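For reference, coords03.txt is printed below; it contains compact mmCIF, C-alpha atoms and all ligand atoms.
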```
# COMPACT_ATOMS: atom_id res chain seq x y z
CA MET V 1 80.10 35.41 -37.68
CA SER V 2 79.64 33.41 -34.48
CA VAL V 3 76.28 32.75 -32.93
CA LEU V 4 75.90 31.82 -29.27
CA ASN V 5 72.64 30.55 -27.82
CA VAL V 6 71.46 31.71 -24.44
CA THR V 7 69.27 28.88 -23.23
CA LEU V 8 67.10 29.60 -20.23
CA LYS V 9 64.27 27.64 -18.65
CA ASP V 10 61.50 29.67 -20.22
CA ASN V 11 63.31 31.57 -22.95
CA GLU V 12 66.05 31.35 -25.53
CA TYR V 13 67.84 33.96 -27.61
CA LYS V 14 70.90 34.38 -29.76
CA ILE V 15 74.01 36.51 -29.52
CA TYR V 16 75.36 37.33 -32.99
CA ILE V 17 79.04 38.25 -32.92
CA GLY V 18 80.88 39.58 -35.93
CA LYS V 19 81.27 42.34 -38.42
CA ASP V 20 77.92 43.66 -39.63
CA SER V 21 76.00 41.44 -37.24
CA ILE V 22 73.56 44.33 -36.82
CA LEU V 23 72.48 43.80 -40.40
CA ASN V 24 70.79 40.61 -39.18
CA LEU V 25 68.55 42.66 -36.95
CA ARG V 26 67.93 45.17 -39.70
CA ASP V 27 66.86 42.37 -42.02
CA TYR V 28 64.61 40.91 -39.34
CA LEU V 29 62.82 44.21 -38.73
CA LYS V 30 62.82 45.38 -42.32
CA GLY V 31 59.50 45.80 -44.02
CA LYS V 32 57.28 44.12 -41.48
CA SER V 33 57.90 45.32 -37.96
CA ARG V 34 57.09 48.37 -35.92
CA TYR V 35 59.97 49.34 -33.69
CA PHE V 36 61.01 52.10 -31.32
CA ILE V 37 64.66 53.08 -30.94
CA ILE V 38 66.25 54.05 -27.64
CA ALA V 39 69.76 55.22 -28.43
CA ASP V 40 72.79 56.74 -26.89
CA HIS V 41 73.16 60.07 -28.62
CA ASN V 42 76.76 59.57 -29.81
CA ALA V 43 76.16 55.96 -30.78
CA PHE V 44 73.25 57.07 -32.94
CA ILE V 45 75.33 59.76 -34.65
CA ASN V 46 78.06 57.18 -35.38
CA HIS V 47 76.03 54.09 -36.20
CA GLY V 48 72.35 55.02 -36.58
CA LYS V 49 72.62 55.70 -40.28
CA GLN V 50 74.19 52.30 -40.94
CA PHE V 51 71.39 50.63 -39.01
CA LEU V 52 68.59 52.52 -40.75
CA LYS V 53 70.09 52.24 -44.23
CA ASP V 54 67.65 50.72 -46.75
CA MET V 55 64.91 50.37 -44.14
CA ASN V 56 61.62 51.06 -45.82
CA ASN V 57 59.95 51.14 -42.42
CA PRO V 58 61.49 53.87 -40.25
CA PRO V 59 61.20 53.63 -36.46
CA GLU V 60 57.88 54.72 -34.97
CA ASP V 61 59.89 57.06 -32.79
CA MET V 62 63.32 57.46 -31.35
CA ILE V 63 64.58 58.83 -28.05
CA PHE V 64 68.09 59.59 -26.87
CA VAL V 65 69.81 58.93 -23.57
CA SER V 66 73.17 60.34 -22.70
CA GLY V 67 74.99 58.79 -19.83
CA GLU V 68 74.43 57.77 -16.24
CA LYS V 69 72.57 61.00 -15.36
CA ASP V 70 69.74 59.85 -17.65
CA LYS V 71 69.33 56.49 -15.95
CA THR V 72 66.40 57.71 -13.87
CA LEU V 73 62.73 56.97 -13.27
CA GLN V 74 61.91 60.39 -14.74
CA LYS V 75 63.67 59.52 -17.99
CA ALA V 76 61.99 56.10 -18.01
CA GLU V 77 58.62 57.85 -17.66
CA THR V 78 59.42 60.13 -20.60
CA ILE V 79 60.42 57.13 -22.73
CA LEU V 80 57.28 55.18 -21.73
CA SER V 81 55.01 58.13 -22.57
CA ARG V 82 56.65 58.44 -25.96
CA MET V 83 56.11 54.71 -26.52
CA VAL V 84 52.39 55.17 -25.76
CA GLN V 85 52.23 58.17 -28.10
CA ALA V 86 53.90 56.05 -30.80
CA LYS V 87 51.14 53.48 -30.22
CA MET V 88 53.61 50.69 -29.56
CA THR V 89 51.88 47.39 -28.90
CA ARG V 90 53.10 44.20 -27.30
CA SER V 91 53.79 42.71 -30.72
CA ASP V 92 56.20 45.55 -31.58
CA TYR V 93 59.86 45.90 -30.66
CA VAL V 94 62.27 48.18 -28.87
CA VAL V 95 65.82 48.49 -30.16
CA SER V 96 68.56 49.65 -27.82
CA LEU V 97 71.54 51.17 -29.61
CA GLY V 98 74.14 52.16 -27.07
CA GLY V 99 76.16 51.14 -24.05
CA GLY V 100 75.25 49.88 -20.60
CA VAL V 101 73.13 52.85 -19.54
CA CYS V 102 71.10 52.77 -22.73
CA GLY V 103 70.61 48.99 -22.58
CA ASP V 104 69.63 49.08 -18.91
CA ILE V 105 66.96 51.76 -19.31
CA ALA V 106 65.73 50.37 -22.64
CA GLY V 107 65.39 46.93 -21.06
CA PHE V 108 63.64 48.41 -18.04
CA CYS V 109 61.12 50.35 -20.13
CA SER V 110 60.54 47.27 -22.29
CA SER V 111 59.91 45.11 -19.24
CA VAL V 112 57.25 47.38 -17.76
CA TYR V 113 55.62 48.71 -20.93
CA MET V 114 52.23 46.99 -21.10
CA ARG V 115 53.77 44.33 -18.84
CA GLY V 116 56.45 43.50 -21.34
CA ILE V 117 57.47 44.11 -24.92
CA LYS V 118 60.38 42.50 -26.78
CA TYR V 119 63.66 44.34 -27.13
CA PHE V 120 66.95 43.87 -28.94
CA GLN V 121 70.37 44.98 -27.83
CA ILE V 122 72.98 46.53 -30.12
CA PRO V 123 75.78 47.19 -27.63
CA THR V 124 78.13 49.96 -28.75
CA THR V 125 80.64 50.02 -25.88
CA LEU V 126 83.19 47.43 -24.84
CA LEU V 127 81.54 47.14 -21.43
CA SER V 128 78.15 46.36 -22.91
CA GLN V 129 79.62 43.99 -25.53
CA VAL V 130 81.40 41.90 -22.90
CA ASP V 131 78.84 42.04 -20.12
CA SER V 132 75.70 44.12 -19.76
CA SER V 133 73.94 43.41 -23.08
CA VAL V 134 73.42 39.77 -22.11
CA GLY V 135 71.54 38.51 -19.08
CA GLY V 136 68.55 40.82 -18.86
CA LYS V 137 69.47 42.95 -15.86
CA CYS V 138 67.63 46.21 -16.43
CA GLY V 139 67.06 49.20 -14.25
CA VAL V 140 67.49 52.78 -13.23
CA ASN V 141 69.28 54.55 -10.39
CA LEU V 142 67.80 56.35 -7.42
CA LYS V 143 69.62 59.16 -5.67
CA GLU V 144 70.17 56.66 -2.84
CA GLY V 145 72.08 54.28 -5.08
CA LYS V 146 72.74 52.67 -8.42
CA ASN V 147 70.35 50.17 -9.98
CA LEU V 148 68.06 50.15 -6.95
CA ILE V 149 64.98 49.92 -9.19
CA GLY V 150 65.07 47.17 -11.74
CA THR V 151 63.77 44.03 -13.37
CA PHE V 152 65.05 40.95 -15.14
CA HIS V 153 63.95 41.08 -18.76
CA GLN V 154 65.98 39.13 -21.28
CA PRO V 155 66.56 40.68 -24.71
CA SER V 156 65.24 38.82 -27.74
CA GLY V 157 68.61 39.03 -29.46
CA VAL V 158 72.00 40.67 -29.04
CA PHE V 159 74.06 41.95 -31.99
CA ILE V 160 77.75 42.51 -31.30
CA ASP V 161 79.96 44.20 -33.89
CA ARG V 162 83.49 44.98 -32.70
CA SER V 163 83.86 47.69 -35.36
CA LEU V 164 81.26 49.80 -33.54
CA LEU V 165 83.94 50.36 -30.89
CA ASP V 166 86.26 52.12 -33.32
CA THR V 167 84.68 55.49 -32.57
CA LEU V 168 84.81 55.09 -28.77
CA PRO V 169 86.91 57.48 -26.71
CA GLU V 170 89.90 55.89 -24.94
CA ARG V 171 88.36 56.44 -21.51
CA GLU V 172 85.25 54.51 -22.49
CA MET V 173 87.41 51.66 -23.81
CA LYS V 174 89.21 51.56 -20.47
CA CYS V 175 85.89 51.20 -18.75
CA GLY V 176 85.23 48.05 -20.75
CA LYS V 177 88.75 46.78 -20.14
CA ALA V 178 88.00 46.71 -16.41
CA GLU V 179 85.03 44.38 -17.12
CA VAL V 180 87.15 42.17 -19.40
CA ILE V 181 89.76 41.88 -16.65
CA LYS V 182 87.03 41.17 -14.10
CA THR V 183 85.59 38.36 -16.22
CA ALA V 184 88.99 36.72 -16.68
CA LEU V 185 89.85 37.06 -13.00
CA ILE V 186 86.68 35.40 -11.74
CA LYS V 187 86.42 32.54 -14.22
CA ASP V 188 89.23 31.90 -16.63
CA SER V 189 92.90 31.45 -15.81
CA SER V 190 93.78 30.94 -19.48
CA LEU V 191 92.40 34.41 -20.24
CA VAL V 192 94.42 35.76 -17.31
CA GLU V 193 97.54 34.22 -18.88
CA LYS V 194 96.71 35.91 -22.17
CA ILE V 195 96.28 39.24 -20.38
CA ASP V 196 99.64 38.71 -18.64
CA SER V 197 101.34 38.08 -21.94
CA GLY V 198 100.03 41.29 -23.45
CA HIS V 199 97.21 40.13 -25.75
CA ASP V 200 94.83 42.83 -26.95
CA ILE V 201 92.04 42.52 -24.42
CA THR V 202 89.66 44.52 -26.61
CA SER V 203 89.93 42.06 -29.50
CA ILE V 204 86.93 40.19 -30.84
CA GLU V 205 88.40 36.95 -29.39
CA PHE V 206 88.37 38.47 -25.91
CA ILE V 207 84.90 39.91 -26.41
CA GLU V 208 83.59 36.52 -27.49
CA SER V 209 85.29 34.68 -24.61
CA CYS V 210 83.88 37.13 -22.06
CA ILE V 211 80.34 37.14 -23.38
CA ASP V 212 80.44 33.34 -23.57
CA ILE V 213 81.43 33.21 -19.90
CA LYS V 214 78.61 35.64 -19.11
CA ARG V 215 76.17 33.51 -21.12
CA LYS V 216 77.04 30.35 -19.19
CA VAL V 217 76.82 32.11 -15.83
CA VAL V 218 73.38 33.53 -16.71
CA GLU V 219 72.19 30.12 -17.93
CA ASN V 220 73.17 28.63 -14.57
CA ASP V 221 71.74 31.40 -12.42
CA GLN V 222 69.44 33.76 -14.28
CA PHE V 223 68.13 35.53 -11.18
CA ASP V 224 71.38 36.18 -9.36
CA TYR V 225 71.01 33.92 -6.34
CA GLY V 226 74.32 32.11 -6.73
CA GLU V 227 77.01 31.91 -9.39
CA ARG V 228 75.88 35.12 -11.11
CA MET V 229 76.96 37.07 -8.05
CA LEU V 230 80.55 36.34 -9.11
CA LEU V 231 80.06 38.91 -11.87
CA ASN V 232 79.81 41.51 -9.14
CA PHE V 233 83.47 41.13 -8.23
CA GLY V 234 84.65 44.64 -7.35
CA HIS V 235 81.18 46.07 -7.95
CA THR V 236 79.85 46.46 -4.41
CA LEU V 237 82.78 48.69 -3.53
CA GLY V 238 82.99 50.06 -7.07
CA HIS V 239 79.40 51.32 -7.08
CA ALA V 240 79.98 52.94 -3.70
CA ILE V 241 83.22 54.56 -4.89
CA GLU V 242 81.47 55.81 -8.03
CA ALA V 243 78.66 57.39 -6.01
CA ILE V 244 80.91 58.87 -3.31
CA SER V 245 83.21 60.49 -5.83
CA GLY V 246 80.14 61.94 -7.61
CA TYR V 247 78.68 60.21 -10.68
CA GLY V 248 80.67 61.05 -13.78
CA LYS V 249 83.90 61.92 -11.99
CA LEU V 250 85.20 58.37 -12.10
CA SER V 251 83.93 56.23 -14.94
CA HIS V 252 82.14 53.01 -14.01
CA GLY V 253 85.18 51.01 -15.13
CA GLU V 254 87.60 53.12 -13.12
CA ALA V 255 85.45 52.70 -10.02
CA ILE V 256 85.20 48.93 -10.59
CA SER V 257 88.94 48.78 -11.04
CA ILE V 258 89.50 50.46 -7.67
CA GLY V 259 86.76 48.26 -6.17
CA MET V 260 88.53 45.07 -7.36
CA ALA V 261 91.82 46.32 -5.94
CA VAL V 262 90.43 47.33 -2.52
CA ILE V 263 88.48 44.11 -2.02
CA THR V 264 91.48 41.99 -3.05
CA LYS V 265 93.82 43.88 -0.76
CA LEU V 266 91.38 43.11 2.03
CA SER V 267 90.82 39.46 1.05
CA GLU V 268 94.54 38.78 0.86
CA LYS V 269 95.15 40.50 4.18
CA TYR V 270 92.60 38.18 5.81
CA HIS V 271 93.90 35.11 3.94
CA TYR V 272 90.79 34.66 1.81
CA SER V 273 92.99 34.97 -1.30
CA GLU V 274 96.23 33.18 -2.08
CA SER V 275 99.26 35.27 -1.41
CA GLY V 276 100.41 37.24 -4.45
CA THR V 277 96.87 37.68 -5.81
CA TYR V 278 96.75 41.39 -5.00
CA ASP V 279 100.14 42.12 -6.62
CA HIS V 280 99.12 40.16 -9.71
CA LEU V 281 95.89 42.14 -9.98
CA ILE V 282 97.69 45.46 -9.57
CA ARG V 283 100.16 44.48 -12.30
CA ILE V 284 97.26 43.84 -14.67
CA LEU V 285 95.44 47.06 -13.77
CA LYS V 286 98.63 49.10 -14.20
CA MET V 287 99.28 47.45 -17.55
CA HIS V 288 95.96 48.86 -18.76
CA GLY V 289 96.26 52.25 -17.12
CA LEU V 290 93.45 51.54 -14.69
CA PRO V 291 93.34 53.11 -11.22
CA TYR V 292 93.62 51.02 -8.05
CA GLU V 293 93.98 53.38 -5.09
CA TYR V 294 91.12 54.56 -2.90
CA LYS V 295 91.90 57.68 -0.96
CA GLU V 296 88.53 58.63 0.52
CA ASP V 297 87.20 57.88 3.96
CA MET V 298 86.37 54.18 4.56
CA ASN V 299 83.37 55.18 6.71
CA LYS V 300 81.72 56.85 3.73
CA LEU V 301 82.31 53.71 1.73
CA PHE V 302 80.79 51.54 4.42
CA ASN V 303 77.71 53.77 4.87
CA TYR V 304 76.99 53.54 1.18
CA ILE V 305 77.54 49.78 1.08
CA SER V 306 75.05 49.16 3.87
CA ASN V 307 72.29 50.47 1.52
CA ASP V 308 73.34 48.14 -1.30
CA LYS V 309 70.67 45.76 -2.54
CA LYS V 310 73.04 42.87 -1.80
CA ASN V 311 72.68 43.66 1.90
CA MET V 312 70.29 41.03 3.26
CA ASN V 313 69.52 41.04 7.01
CA ASN V 314 72.81 42.78 7.68
CA LYS V 315 74.74 40.11 5.82
CA MET V 316 76.46 40.60 2.53
CA ASN V 317 77.75 38.28 -0.14
CA ILE V 318 81.14 39.54 -1.17
CA VAL V 319 83.12 38.12 -4.08
CA PHE V 320 86.74 37.26 -3.35
CA LEU V 321 89.37 35.91 -5.69
CA LYS V 322 90.87 32.64 -4.52
CA LYS V 323 93.54 33.43 -7.07
CA PRO V 324 93.45 35.15 -10.48
CA GLY V 325 91.07 33.08 -12.62
CA GLN V 326 89.03 31.72 -9.74
CA ALA V 327 86.52 33.49 -7.52
CA TYR V 328 84.04 32.54 -4.83
CA ILE V 329 81.26 34.08 -2.80
CA HIS V 330 81.88 34.80 0.85
CA SER V 331 79.02 35.70 3.15
CA THR V 332 79.93 38.11 5.91
CA SER V 333 78.14 40.27 8.43
CA LEU V 334 78.14 44.03 7.89
CA VAL V 335 79.95 44.45 11.21
CA ASN V 336 82.71 42.15 10.03
CA LEU V 337 83.00 43.97 6.74
CA TYR V 338 83.10 47.30 8.58
CA ASN V 339 85.97 46.07 10.76
CA MET V 340 87.88 44.63 7.82
CA LEU V 341 87.53 47.81 5.75
CA GLY V 342 88.56 49.88 8.75
CA SER V 343 91.78 47.89 9.04
CA LEU V 344 93.02 48.75 5.55
N1 LIG Y 401 76.67 42.70 -14.83
C1 LIG Y 401 76.44 41.70 -13.87
C2 LIG Y 401 75.29 40.81 -14.19
O1 LIG Y 401 74.72 40.92 -15.25
O2 LIG Y 401 74.94 39.98 -13.39
```
As structure tokens, please, write out the structure in this file.
Amino acid sequence: MSVLNVTLKDNEYKIYIGKDSILNLRDYLKGKSRYFIIADHNAFINHGKQFLKDMNNPPEDMIFVSGEKDKTLQKAETILSRMVQAKMTRSDYVVSLGGGVCGDIAGFCSSVYMRGIKYFQIPTTLLSQVDSSVGGKCGVNLKEGKNLIGTFHQPSGVFIDRSLLDTLPEREMKCGKAEVIKTALIKDSSLVEKIDSGHDITSIEFIESCIDIKRKVVENDQFDYGERMLLNFGHTLGHAIEAISGYGKLSHGEAISIGMAVITKLSEKYHYSESGTYDHLIRILKMHGLPYEYKEDMNKLFNYISNDKKNMNNKMNIVFLKKPGQAYIHSTSLVNLYNMLGSL
């Protein structure tokens, strides 16, 4: 088992990576702690029993979330009420067992419950194992947009077991593959080479490399004012595409995949990316069966983007690839972005 340390100014926690890493958490909680489980329904069916095995202290309560439609303030209120009814105190724990949605809402509830209670992440999707379980971005969606309500609240530990992905549907794996590809493209040309030569990008080696990149980025910029924005490559457009097409129609990963393709087509057209970058990206996306074409109206896309939380005084920070393996942040006015998108 590998253990990575996330070292922040006012906080430190560990990421345990390896088979049965969740047993570490079980042993930590066993016997002495009160804990409340927030779980993805399927993840609990597949892995809950393993987690609770031999626990002589069952959870105080347990609540299920199932997908993006549950990432709401209403659901957060239901969870928080149940935590009060379970008499959770600030010395107790929340355990999130699930993917990105589950971790985001569990982290959010933990951050606001009595002004903050500790929580642990057991990510059960590729996406959450390579990205969202680390870094403490928590939140819920509003009908006006994704993640518009949120907090930063770091987990107290993250437990990554690749074997939990064995029960995931192919489409969910693809979603995570888009995040693996994103991580390689923004930060690591050696990972890009491995992708090009057909390595299994869902392997534990890839998961560890990606989460290690994420860890370093978060250590450098916990609150997303600089380098951390690189992790949003493809996401500004991707979130818009996801919302416009109707949540659930495209998976998050599919939308991000299209978002990476559209923004790179644009950045290469305007010479912000080295020539050949777009074709290289498309080759990689095709290799993994990920979509890359956007067929809806660009005006709709733009209208959505102008409400994005990254819009500051009508300027936006957009992430461009210089080339595969290297990204940078480009600040542009909304008008400029509108014109560029319109020209595609
Ligand atoms: N998933 C992007 C971030 O954590 O900053």
Nearest to V:Lys216 among V:Glu179, V:Glu274, V:Glu68, V:Asp131, with distances taken over all atoms listed in the file: which residue is it?
V:Asp131
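For the choices V:His235, V:His271, V:Lys14, V:His41, the atom-to-atom distance to ligand LIG 401 (chain Y) is smallest for V:His235 when using all atoms listed in the file.
Taking all atoms listed in the file into account, the residues that come within 8 Å of ligand LIG 401 (chain Y) are Asp131, Ser132, Val134, Gly135, Gly136, Lys137, Lys214, Val218, Asp224, Arg228, Met229, Leu230, Leu231 and Asn232 of chain V.
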Quick one: residues within 10 Å of V:Gly48, all atoms listed in the file counted, chain neighbours fewer than 6 positions away excluded, as a PDB file with C-alpha atoms, keeping the file's coordinate frame?
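Result file out-v6.pdb:
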```
ATOM      1  CA  ILE V  37      64.660  53.080 -30.940  1.00  0.00           C
ATOM      2  CA  ALA V  39      69.760  55.220 -28.430  1.00  0.00           C
ATOM      3  CA  ASP V  40      72.790  56.740 -26.890  1.00  0.00           C
ATOM      4  CA  HIS V  41      73.160  60.070 -28.620  1.00  0.00           C
ATOM      5  CA  ASN V  42      76.760  59.570 -29.810  1.00  0.00           C
ATOM      6  CA  LEU V  97      71.540  51.170 -29.610  1.00  0.00           C
TER       7      LEU V  97
END
```
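In this comparison, which uses all atoms listed in the file, the residue of V:Asn220, V:Thr264, V:Asn46, V:Ser110 approaching V:Gly234 most closely is V:Thr264.
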Tell me which protein, DNA and RNA residues are within 8 Å of V:Cys102, counting all atoms listed in the file, leaving out same-chain ones fewer than 4 positions away, and put them as a PyMOL selection string.
chain V and resi 38-40+65-67+71+96-98+106
Interface rows for stretch 229-313 of chain V against stretch 167-174 of chain V: nearest pair, Å to one decimal, 8 Å, only C-alpha atoms, as a Markdown table:
```
| residue | atom | partner | partner_atom | distance |
| --- | --- | --- | --- | --- |
| V:Ser251 | CA | V:Glu172 | CA | 7.9 |
| V:Gly253 | CA | V:Lys174 | CA | 6.7 |
| V:Glu254 | CA | V:Lys174 | CA | 7.7 |
| V:His288 | CA | V:Lys174 | CA | 7.5 |
| V:Gly289 | CA | V:Lys174 | CA | 7.8 |
| V:Leu290 | CA | V:Lys174 | CA | 7.2 |
```
Might you pull out every residue within 12 Å of V:Pro59, with all atoms listed in the file counted and same-chain residues fewer than 5 positions away left off, and present them as a ChimeraX atom specification?
/V:26,29-39,48,51-53,83,86-88,92-95
Please reconstruct the missing atoms of stretch 89-111 of chain V (target: N, CA, C and O atoms) and return them as a PDB file, in the coordinates of the input.
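That gives us selection15.pdb:
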```
ATOM      1  N   THR V  89      52.678  48.464 -29.483  1.00  0.00           N
ATOM      2  CA  THR V  89      51.880  47.390 -28.900  1.00  0.00           C
ATOM      3  C   THR V  89      52.816  46.269 -28.454  1.00  0.00           C
ATOM      4  O   THR V  89      54.014  46.298 -28.759  1.00  0.00           O
ATOM      5  N   ARG V  90      52.254  45.276 -27.817  1.00  0.00           N
ATOM      6  CA  ARG V  90      53.100  44.200 -27.300  1.00  0.00           C
ATOM      7  C   ARG V  90      53.654  43.304 -28.415  1.00  0.00           C
ATOM      8  O   ARG V  90      54.494  42.460 -28.158  1.00  0.00           O
ATOM      9  N   SER V  91      53.185  43.498 -29.625  1.00  0.00           N
ATOM     10  CA  SER V  91      53.790  42.710 -30.720  1.00  0.00           C
ATOM     11  C   SER V  91      54.856  43.513 -31.463  1.00  0.00           C
ATOM     12  O   SER V  91      55.388  43.056 -32.470  1.00  0.00           O
ATOM     13  N   ASP V  92      55.145  44.722 -30.972  1.00  0.00           N
ATOM     14  CA  ASP V  92      56.200  45.550 -31.580  1.00  0.00           C
ATOM     15  C   ASP V  92      57.509  45.350 -30.812  1.00  0.00           C
ATOM     16  O   ASP V  92      57.569  44.561 -29.875  1.00  0.00           O
ATOM     17  N   TYR V  93      58.520  46.117 -31.240  1.00  0.00           N
ATOM     18  CA  TYR V  93      59.860  45.900 -30.660  1.00  0.00           C
ATOM     19  C   TYR V  93      60.504  47.211 -30.231  1.00  0.00           C
ATOM     20  O   TYR V  93      60.266  48.267 -30.822  1.00  0.00           O
ATOM     21  N   VAL V  94      61.379  47.084 -29.246  1.00  0.00           N
ATOM     22  CA  VAL V  94      62.270  48.180 -28.870  1.00  0.00           C
ATOM     23  C   VAL V  94      63.670  47.783 -29.298  1.00  0.00           C
ATOM     24  O   VAL V  94      64.054  46.610 -29.194  1.00  0.00           O
ATOM     25  N   VAL V  95      64.420  48.745 -29.819  1.00  0.00           N
ATOM     26  CA  VAL V  95      65.820  48.490 -30.160  1.00  0.00           C
ATOM     27  C   VAL V  95      66.678  49.414 -29.313  1.00  0.00           C
ATOM     28  O   VAL V  95      66.478  50.637 -29.314  1.00  0.00           O
ATOM     29  N   SER V  96      67.612  48.837 -28.581  1.00  0.00           N
ATOM     30  CA  SER V  96      68.560  49.650 -27.820  1.00  0.00           C
ATOM     31  C   SER V  96      69.860  49.736 -28.598  1.00  0.00           C
ATOM     32  O   SER V  96      70.468  48.715 -28.920  1.00  0.00           O
ATOM     33  N   LEU V  97      70.275  50.955 -28.887  1.00  0.00           N
ATOM     34  CA  LEU V  97      71.540  51.170 -29.610  1.00  0.00           C
ATOM     35  C   LEU V  97      72.413  52.036 -28.710  1.00  0.00           C
ATOM     36  O   LEU V  97      72.228  53.250 -28.631  1.00  0.00           O
ATOM     37  N   GLY V  98      73.307  51.378 -27.985  1.00  0.00           N
ATOM     38  CA  GLY V  98      74.140  52.160 -27.070  1.00  0.00           C
ATOM     39  C   GLY V  98      74.860  51.262 -26.080  1.00  0.00           C
ATOM     40  O   GLY V  98      74.903  50.039 -26.243  1.00  0.00           O
ATOM     41  N   GLY V  99      75.389  51.874 -25.049  1.00  0.00           N
ATOM     42  CA  GLY V  99      76.160  51.140 -24.050  1.00  0.00           C
ATOM     43  C   GLY V  99      75.288  50.657 -22.900  1.00  0.00           C
ATOM     44  O   GLY V  99      74.075  50.465 -23.055  1.00  0.00           O
ATOM     45  N   GLY V 100      75.928  50.472 -21.749  1.00  0.00           N
ATOM     46  CA  GLY V 100      75.250  49.880 -20.600  1.00  0.00           C
ATOM     47  C   GLY V 100      74.063  50.695 -20.114  1.00  0.00           C
ATOM     48  O   GLY V 100      72.996  50.140 -19.842  1.00  0.00           O
ATOM     49  N   VAL V 101      74.221  52.007 -20.035  1.00  0.00           N
ATOM     50  CA  VAL V 101      73.130  52.850 -19.540  1.00  0.00           C
ATOM     51  C   VAL V 101      71.923  52.725 -20.454  1.00  0.00           C
ATOM     52  O   VAL V 101      70.788  52.512 -20.009  1.00  0.00           O
ATOM     53  N   CYS V 102      72.180  52.824 -21.733  1.00  0.00           N
ATOM     54  CA  CYS V 102      71.100  52.770 -22.730  1.00  0.00           C
ATOM     55  C   CYS V 102      70.394  51.407 -22.661  1.00  0.00           C
ATOM     56  O   CYS V 102      69.162  51.327 -22.597  1.00  0.00           O
ATOM     57  N   GLY V 103      71.196  50.336 -22.630  1.00  0.00           N
ATOM     58  CA  GLY V 103      70.610  48.990 -22.580  1.00  0.00           C
ATOM     59  C   GLY V 103      69.812  48.768 -21.310  1.00  0.00           C
ATOM     60  O   GLY V 103      68.746  48.142 -21.335  1.00  0.00           O
ATOM     61  N   ASP V 104      70.322  49.291 -20.200  1.00  0.00           N
ATOM     62  CA  ASP V 104      69.630  49.080 -18.910  1.00  0.00           C
ATOM     63  C   ASP V 104      68.275  49.777 -18.880  1.00  0.00           C
ATOM     64  O   ASP V 104      67.280  49.223 -18.420  1.00  0.00           O
ATOM     65  N   ILE V 105      68.241  51.020 -19.379  1.00  0.00           N
ATOM     66  CA  ILE V 105      66.960  51.760 -19.310  1.00  0.00           C
ATOM     67  C   ILE V 105      66.018  51.279 -20.412  1.00  0.00           C
ATOM     68  O   ILE V 105      64.805  51.174 -20.199  1.00  0.00           O
ATOM     69  N   ALA V 106      66.584  50.904 -21.557  1.00  0.00           N
ATOM     70  CA  ALA V 106      65.730  50.370 -22.640  1.00  0.00           C
ATOM     71  C   ALA V 106      65.097  49.050 -22.192  1.00  0.00           C
ATOM     72  O   ALA V 106      63.903  48.808 -22.406  1.00  0.00           O
ATOM     73  N   GLY V 107      65.903  48.208 -21.552  1.00  0.00           N
ATOM     74  CA  GLY V 107      65.390  46.930 -21.060  1.00  0.00           C
ATOM     75  C   GLY V 107      64.330  47.151 -19.995  1.00  0.00           C
ATOM     76  O   GLY V 107      63.287  46.493 -19.968  1.00  0.00           O
ATOM     77  N   PHE V 108      64.587  48.124 -19.119  1.00  0.00           N
ATOM     78  CA  PHE V 108      63.640  48.410 -18.040  1.00  0.00           C
ATOM     79  C   PHE V 108      62.299  48.882 -18.620  1.00  0.00           C
ATOM     80  O   PHE V 108      61.238  48.371 -18.243  1.00  0.00           O
ATOM     81  N   CYS V 109      62.369  49.847 -19.533  1.00  0.00           N
ATOM     82  CA  CYS V 109      61.120  50.350 -20.130  1.00  0.00           C
ATOM     83  C   CYS V 109      60.397  49.217 -20.869  1.00  0.00           C
ATOM     84  O   CYS V 109      59.173  49.098 -20.790  1.00  0.00           O
ATOM     85  N   SER V 110      61.166  48.380 -21.563  1.00  0.00           N
ATOM     86  CA  SER V 110      60.540  47.270 -22.290  1.00  0.00           C
ATOM     87  C   SER V 110      59.878  46.284 -21.325  1.00  0.00           C
ATOM     88  O   SER V 110      58.846  45.695 -21.644  1.00  0.00           O
ATOM     89  N   SER V 111      60.468  46.116 -20.165  1.00  0.00           N
ATOM     90  CA  SER V 111      59.910  45.110 -19.240  1.00  0.00           C
ATOM     91  C   SER V 111      58.619  45.584 -18.596  1.00  0.00           C
ATOM     92  O   SER V 111      57.768  44.768 -18.249  1.00  0.00           O
TER      93      SER V 111
END
```
